[in-house]
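Working notes, structure below.
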Amino acid sequence: MKSAYDIIKRPVLTEKSYAEMNDRKYTFEVAVDAGKTEIKHAVEELFEGVKVASVNTMRVQGKVKRQGRTMGRRPERKKAIVTLKADSKGIQFFEGMSEEA
């Protein structure tokens, strides 16, 4: 069985993900072969006091890149948008990053 650190690779920090933090949605890059239930359990294990309401996943295909005549492909990856329950504590890593007016 994989550990939570093998499933959750890193947070995705973009303008869109910052805007969704106010709605209690957090975006992570996850392992390509991870399922939604594995991602849910991994987030709840890594961050204490967090209760996950839903997980939405999407696969991002790697782009074709060229360096002169040589062509290659970037690796594909998988993103997960994790929505927390209303009574859940926020994720400590992201606290203070979102703009709340």
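Lettering and numbering for the structure tokens are positional, with chains as A, B, ... in the shown order, residues counted from 1 in each chain, and ligands counted from 1 in the shown order.
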
For segment 10-56 of chain A against segment 79-82 of chain A, with a cut-off of 10 Å and counting only C-alpha atoms, what is the closest atom pair and its distance in Å to one decimal for every residue that makes the cut, ordered by chain and number, as CSV?
```
residue,atom,partner,partner_atom,distance
A:Arg10,CA,A:Lys79,CA,9.7
A:Pro11,CA,A:Lys79,CA,9.2
A:Val12,CA,A:Lys79,CA,8.1
A:Ser17,CA,A:Ile81,CA,8.8
A:Glu20,CA,A:Ile81,CA,9.4
A:Arg24,CA,A:Val82,CA,8.2
A:Lys25,CA,A:Val82,CA,5.5
A:Tyr26,CA,A:Val82,CA,5.2
A:Thr27,CA,A:Ile81,CA,4.4
A:Phe28,CA,A:Ala80,CA,5.3
A:Glu29,CA,A:Lys79,CA,4.5
A:Val30,CA,A:Lys79,CA,5.8
A:Ala31,CA,A:Lys79,CA,8.5
A:Val32,CA,A:Lys79,CA,8.5
A:Ala34,CA,A:Ala80,CA,9.9
A:Gly35,CA,A:Ala80,CA,9.8
A:Lys36,CA,A:Ala80,CA,8.3
A:Ile39,CA,A:Ala80,CA,7.9
A:Lys40,CA,A:Val82,CA,7.8
A:Val43,CA,A:Val82,CA,8.4
A:Val52,CA,A:Val82,CA,6.8
A:Ala53,CA,A:Val82,CA,7.7
A:Ser54,CA,A:Val82,CA,6.1
A:Val55,CA,A:Val82,CA,4.7
A:Asn56,CA,A:Ile81,CA,5.1
```

(request) Within segment 8-57 of chain A, find each residue whose DSSP state, derived from the backbone, is strand (DSSP E), and express the selection as a PyMOL selection string. (result) chain A and resi 8-11+25-30+52-57

Residues as selected, C-alpha atoms, written as a short mmCIF file (atom, residue, chain, number, x, y, z; two decimals), in the first residue's frame, can you do that?
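Everything below was put into result20.cif:
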```cif
data_model
loop_
_atom_site.label_atom_id
_atom_site.label_comp_id
_atom_site.auth_asym_id
_atom_site.auth_seq_id
_atom_site.Cartn_x
_atom_site.Cartn_y
_atom_site.Cartn_z
CA ILE A 8 0.05 13.60 -2.81
CA LYS A 9 3.04 14.97 -4.72
CA ARG A 10 2.75 18.75 -4.35
CA PRO A 11 0.22 21.59 -4.16
CA LYS A 25 -11.23 23.95 -2.55
CA TYR A 26 -7.54 23.01 -2.65
CA THR A 27 -5.64 21.71 -5.67
CA PHE A 28 -2.88 19.08 -5.52
CA GLU A 29 -0.78 17.20 -8.05
CA VAL A 30 -1.23 13.50 -7.29
CA VAL A 52 -12.94 15.96 2.79
CA ALA A 53 -16.37 16.38 1.20
CA SER A 54 -15.46 15.52 -2.41
CA VAL A 55 -12.54 14.94 -4.75
CA ASN A 56 -12.52 15.87 -8.46
CA THR A 57 -9.64 14.59 -10.59
#
```

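In terms of minimum interatomic distance to Glu45 of chain A, A:Ile7 ranks closest within A:Ile7, A:Asn22, A:Phe94, A:Ala86, counting only C-alpha atoms.
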
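Counting only C-alpha atoms, the residue from A:Leu13, A:Met21, A:Met58, A:Val50 that sits nearest to Asp33 of chain A is A:Met58.
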
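One finds atom CA of Thr14 of chain A at 23.9 Å from atom CA of Glu38 of chain A.
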
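Note that the spacing between atom CA of Glu76 of chain A and atom CA of Tyr5 of chain A amounts to 18.9 Å.
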
(message) Show me, as a list in words, the residues that have an atom within 9 Å of Gly90 of chain A when counting only C-alpha atoms, minus same-chain residues fewer than 2 positions from it.
(response) Arg24, Phe47, Gly49, Val50, Leu84, Ser88, Gln92, Phe93, Phe94 and Glu95 of chain A

Once you have the residues from the selection above, write them out as an mmCIF file, in the first residue's frame, restricted to N, CA and C atoms.
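This is the output file out_10.cif:
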```cif
data_model
loop_
_atom_site.group_PDB
_atom_site.id
_atom_site.type_symbol
_atom_site.label_atom_id
_atom_site.label_comp_id
_atom_site.auth_asym_id
_atom_site.auth_seq_id
_atom_site.Cartn_x
_atom_site.Cartn_y
_atom_site.Cartn_z
ATOM 1 N N ARG A 24 -13.131 26.805 -0.074
ATOM 2 C CA ARG A 24 -12.632 25.604 0.602
ATOM 3 C C ARG A 24 -12.261 24.503 -0.376
ATOM 4 N N PHE A 47 -3.095 16.091 6.790
ATOM 5 C CA PHE A 47 -3.495 17.322 7.450
ATOM 6 C C PHE A 47 -4.515 16.989 8.539
ATOM 7 N N GLY A 49 -7.346 17.142 11.349
ATOM 8 C CA GLY A 49 -8.562 17.927 11.529
ATOM 9 C C GLY A 49 -9.275 18.291 10.249
ATOM 10 N N VAL A 50 -8.857 17.718 9.122
ATOM 11 C CA VAL A 50 -9.451 18.042 7.829
ATOM 12 C C VAL A 50 -10.428 16.935 7.446
ATOM 13 N N LEU A 84 -13.382 20.684 0.962
ATOM 14 C CA LEU A 84 -13.520 20.346 2.372
ATOM 15 C C LEU A 84 -14.946 20.586 2.845
ATOM 16 N N SER A 88 -15.119 21.501 8.669
ATOM 17 C CA SER A 88 -13.725 21.066 8.690
ATOM 18 C C SER A 88 -12.778 22.233 8.949
ATOM 19 N N GLN A 92 -3.553 23.879 6.930
ATOM 20 C CA GLN A 92 -2.600 24.814 7.540
ATOM 21 C C GLN A 92 -1.587 25.337 6.534
ATOM 22 N N PHE A 93 -1.198 24.505 5.565
ATOM 23 C CA PHE A 93 -0.196 24.899 4.572
ATOM 24 C C PHE A 93 -0.655 26.105 3.764
ATOM 25 N N PHE A 94 -1.948 26.180 3.463
ATOM 26 C CA PHE A 94 -2.479 27.237 2.611
ATOM 27 C C PHE A 94 -2.977 28.446 3.369
ATOM 28 N N GLU A 95 -3.028 28.400 4.686
ATOM 29 C CA GLU A 95 -3.554 29.514 5.472
ATOM 30 C C GLU A 95 -2.719 30.768 5.231
#
```
